[in-house]
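Enquirer: Have a look at this one before I ask anything.
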Amino acid sequence: MVAIADPPSVDASPAGGRGRPLALLRRHRVFAVTLGVAFVLRIVTMLGFGPAMWFNDSYDYVSVALRPRPHPIRPDGYSFWLLLLKPFHSFSLVVLTQHLMGLAAAFLIYALLTRRFGMPGWGATLAAAPVMFDAYQIQLEQLIMSDTMFILLVVGVVTLVLWRESMTWRGGTVVGLLLALTALTRSIGLPILALVVVYLVIKRAGWKPIAAMITACALPVLAYMGWFKAVNGQFAMTNSDGVILYMRTSLFADCHKMNVDERRELELALLCINVAPKDRGLSAQAYLWWDDQNQLHVFGSGMKFTPEINANASTFAKKAILSQPGDYVAAVAKDFFRAFQWGRPRFPDAKTFLQYEFDNEYTRKLPKWSSYHSTTDKDAEAYENGPAATHVVSPWSDIMIGYQKVVRLPGIVLGLLLLFGLYGVARRWRDLGGPELLPWLGAVGLILAPAATAEFDYRYLLPAAPLACLAAALTARDLVVSRRHGR
């Protein structure tokens, strides 16, 4: 049987839990100091942009926390977390837990590399540094959004899979439950299950842990889908996957090339965009979220995310992909490689782009959009039990604005980390890619999946960064070990 992950070739430090706390801190002083500095940066962020920062999606999460129901667009995992914290009526507490989640992800990377793979503390700290210090990671943690929880869950899954040489059925059960939470936080979590299953099959982990993992993941997800069906009439996790895939194809779909029959395929014909592809702009967001160009309104329901519209949009999108595979591949490739730029050009639009920035002009009233039995501003104020709009406070805000201009992980560096990790996977081809394979595939998949099914967004890069760093760190560790052994 091939081990899931190699045993450490460098002497690991003795178990920290056996010593006194001060001895533990001395032994891991580089990481402890670094973690402390990262925590201070997060406190500065909370002081400068309290009680929280807001994104367009934030209000749906809050609405579900106030009035629990299966949301038609996205799973409810993060809203359940907000529901647990609701009695405290504090968005400051919510973002504090998210900042701790970000630091916990860094801790897991450090612990895995030092305890499992025997890397020196300074090397493991370097691998965890982007999660601790990237200004956009810190800003994401300040947003009322599911992404930080998703990052912690993904890093947790990879850590548990790689932690031991072989996996028991009990370990598989724990990983499966984590994968279920991941899928219920963001629907892309289900493809991660497939990735982990493939990895364990390649590593010949045995059928018992794999079966236990799949079962433990499936039961909560199926239960949620049953609840979704009871409320929304369809056995699914959302009513949005087809509509979002339609958005992906909206910039190139040509009904003439697709041979849409207006008589026999009226539902598809209604989704045809009567603008030449070359004139449709740079972002597909216009054909989903921006009402003035939205084909989805032609069905007259007043809603975009119904089972019927989702099914029609899915059929249209799949027909577009099959009819124009070259155009689809080109669109996916363009968005995939957009991730590896040095700068951050404004995309998909200025409004979305600026919601990821620390800015002294951020203070504004909460929008009064319609929500479930209420409005978005009233929902936020009800959860907070008071004013919930972001208040920008100097000098703390100025510190983070200046920090964000300097400290970030450029896309080209992320690309170099992935290339280095790929080199590590290729070096270990006799060992089926070694432990580098799982985090490398995870990082690439987390960048590729949005490009293939939705559209590029800078926010989607952040979950890939810790896995890319982990794959690169394992590659560096292998090179050092090989050199020491003269290989």
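Scheme for the structure tokens: letters A, B, ... for chains in order shown; per-chain residue numbers from 1; ligand numbers from 1 in order shown.
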Write out as a list in words the residues lying within 10 Å of Phe336 (chain A), counting only C-alpha atoms and excluding same-chain residues fewer than 2 positions away.

Expert: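 Surrounding residues, per the criterion: Ala330, Ala331, Val332, Ala333, Lys334, Arg338, Ala339, Phe340, Val444, Ile447, Leu448, Ala449, Pro450, Ala451, Ala452, Glu455 and Phe456 of chain A.
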
Enquirer: With 12 Å as the cut-off and only C-alpha atoms counted, what is the closest atom pair between each nearby residue of region 35-110 of chain A and region 152-159 of chain A? Distances in Å to one decimal, ordered by chain and number, as CSV.

Expert:
residue,atom,partner,partner_atom,distance
A:Gly77,CA,A:Leu153,CA,11.5
A:Tyr78,CA,A:Leu153,CA,11.6
A:Thr97,CA,A:Leu152,CA,11.5
A:Gln98,CA,A:Leu152,CA,9.4
A:His99,CA,A:Leu152,CA,10.7
A:Leu100,CA,A:Leu152,CA,9.8
A:Met101,CA,A:Leu152,CA,6.1
A:Gly102,CA,A:Leu152,CA,6.7
A:Leu103,CA,A:Leu152,CA,8.9
A:Ala104,CA,A:Leu152,CA,7.1
A:Ala105,CA,A:Leu152,CA,5.1
A:Ala106,CA,A:Val155,CA,8.8
A:Phe107,CA,A:Val155,CA,10.0
A:Leu108,CA,A:Thr159,CA,6.8
A:Ile109,CA,A:Thr159,CA,7.3
A:Tyr110,CA,A:Thr159,CA,10.1

Enquirer: Determine, counting only C-alpha atoms, which protein, DNA and RNA residues have an atom within 12 Å of an atom of Val30 (chain A); residues of the same chain fewer than 6 positions away are not included. Present the result as a list in words.

Expert: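 Once the adjacent positions are removed, what remains is Leu24, Gly36, Val37, Tyr110, Pro120, Gly121, Trp122, Gly123, Ala124, Thr125, Leu126, Ala128 and Ala129 of chain A.
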
Enquirer: Considering only C-alpha atoms, can you say which of A:Asn259, A:Leu270, A:Leu422, A:Gln285 comes closest to Lys351 (chain A)?

Expert: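 So, comparing all the options, the nearest one is A:Gln285.
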
Enquirer: Provide the CA of Ile138 (chain A) to CA of Ala52 (chain A) distance in Å, to one decimal place.

Expert: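 Taking CA of Ile138 (chain A) and CA of Ala52 (chain A), their separation equals 12.0 Å.
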
Enquirer: I'd like to know which residues of region 253-446 of chain A are alpha helix (DSSP H) (by DSSP, run on the backbone); could you write them as an MDAnalysis selection string?

Expert: chainID A and resid 255:258 266:269 307:323 325:338 350:354 376:384 396:406 411:427 437:446

Enquirer: Measuring atom to atom with only C-alpha atoms, identify which of A:Lys368, A:Ile273, A:Ser90, A:Pro70 is nearest to Gln234 (chain A).

Expert: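 Between A:Lys368, A:Ile273, A:Ser90, A:Pro70, the residue approaching Gln234 (chain A) most closely is A:Pro70.
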
Enquirer: Which residues, written as a list in words, have at least one atom at most 9 Å from Ile309 (chain A), with only C-alpha atoms counted and residues fewer than 3 positions away on the same chain left out?

Expert: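 Listed by chain and then number, they are Asn239, Gly242, Val243, Glu267, Leu296, Phe299, Met303, Lys304, Phe305, Thr306, Asn312, Ala313 and Ser314 of chain A.
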
Enquirer: Which one of A:Thr249, A:Ser240, A:Ser370, A:Asn274 sits closest to Pro72 (chain A) if you count only C-alpha atoms?

Expert: A:Ser240

Enquirer: Residues of region 24-120 of chain A that approach region 374-391 of chain A to 8 Å or less, counting only C-alpha atoms: could you list each one with the shortest pair of atoms and its distance in Å to one decimal, rows by chain and increasing residue number, as CSV?

Expert:
residue,atom,partner,partner_atom,distance
A:Gly48,CA,A:His391,CA,7.4
A:Phe49,CA,A:His391,CA,5.6
A:Gly50,CA,A:Thr390,CA,5.5
A:Pro51,CA,A:Thr390,CA,6.1
A:Ala52,CA,A:Thr390,CA,5.9
A:Met53,CA,A:Thr390,CA,5.8
A:Trp54,CA,A:Thr390,CA,7.7
A:Tyr59,CA,A:Thr376,CA,5.8
A:Val62,CA,A:Ala380,CA,6.6
A:Ser63,CA,A:Asp379,CA,6.1
A:Leu66,CA,A:Tyr383,CA,7.1
A:Lys86,CA,A:Tyr383,CA,6.5
A:His89,CA,A:Glu384,CA,4.5
A:Ser90,CA,A:Glu384,CA,5.2
A:Phe91,CA,A:Glu384,CA,6.3

Enquirer: Do you know which residues are at most 9 Å from region 181-186 of chain A counting only C-alpha atoms, after dropping those on the same chain fewer than 5 positions away, and could you put them as a ChimeraX atom specification?

Expert: /A:74-79,146-147,149-151,153-154,157,176,191-193,217,220-221,224,237

Enquirer: Go through A:Asp457, A:Asp335, A:Asp134, A:Glu265 one by one, measure the shortest atom-to-atom distance of each to Gln355 (chain A) using only C-alpha atoms, and give the residue with the smallest value.

Expert: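 For Gln355 (chain A), the nearest of the given residues is A:Asp457.
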
Enquirer: For Val481 (chain A), which residue out of A:Leu179, A:Ala194, A:Leu140, A:Met119 is the nearest one, using only C-alpha atoms?

Expert: A:Met119

Enquirer: Find the residues of region 370-456 of chain A that sit at most 10 Å from region 42-47 of chain A; for each, write down the nearest two atoms and how far apart they are in Å, to one decimal. Count only C-alpha atoms. Sort by chain, then by number going up, and give it as a tab-separated table.

Expert:
residue	atom	partner	partner_atom	distance
A:His391	CA	A:Leu47	CA	9.1
A:Val392	CA	A:Leu47	CA	8.3
A:Val393	CA	A:Leu47	CA	6.9
A:Ser394	CA	A:Leu47	CA	8.7
A:Pro395	CA	A:Leu47	CA	9.2
A:Trp396	CA	A:Val44	CA	5.6
A:Ser397	CA	A:Thr45	CA	6.9
A:Asp398	CA	A:Thr45	CA	9.8
A:Ile399	CA	A:Val44	CA	7.8
A:Met400	CA	A:Thr45	CA	6.5
A:Ile401	CA	A:Thr45	CA	9.6

Enquirer: Grab the CA of Leu419 (chain A) to CA of Ala472 (chain A) distance for me, in Å with one decimal place.

Expert: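 Straight-line distance from CA of Leu419 (chain A) to CA of Ala472 (chain A) works out to 8.4 Å.
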
Enquirer: How many Å lie between CA of Leu162 (chain A) and CA of Leu418 (chain A), rounded to one decimal?

Expert: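 So the answer is 18.6 Å.
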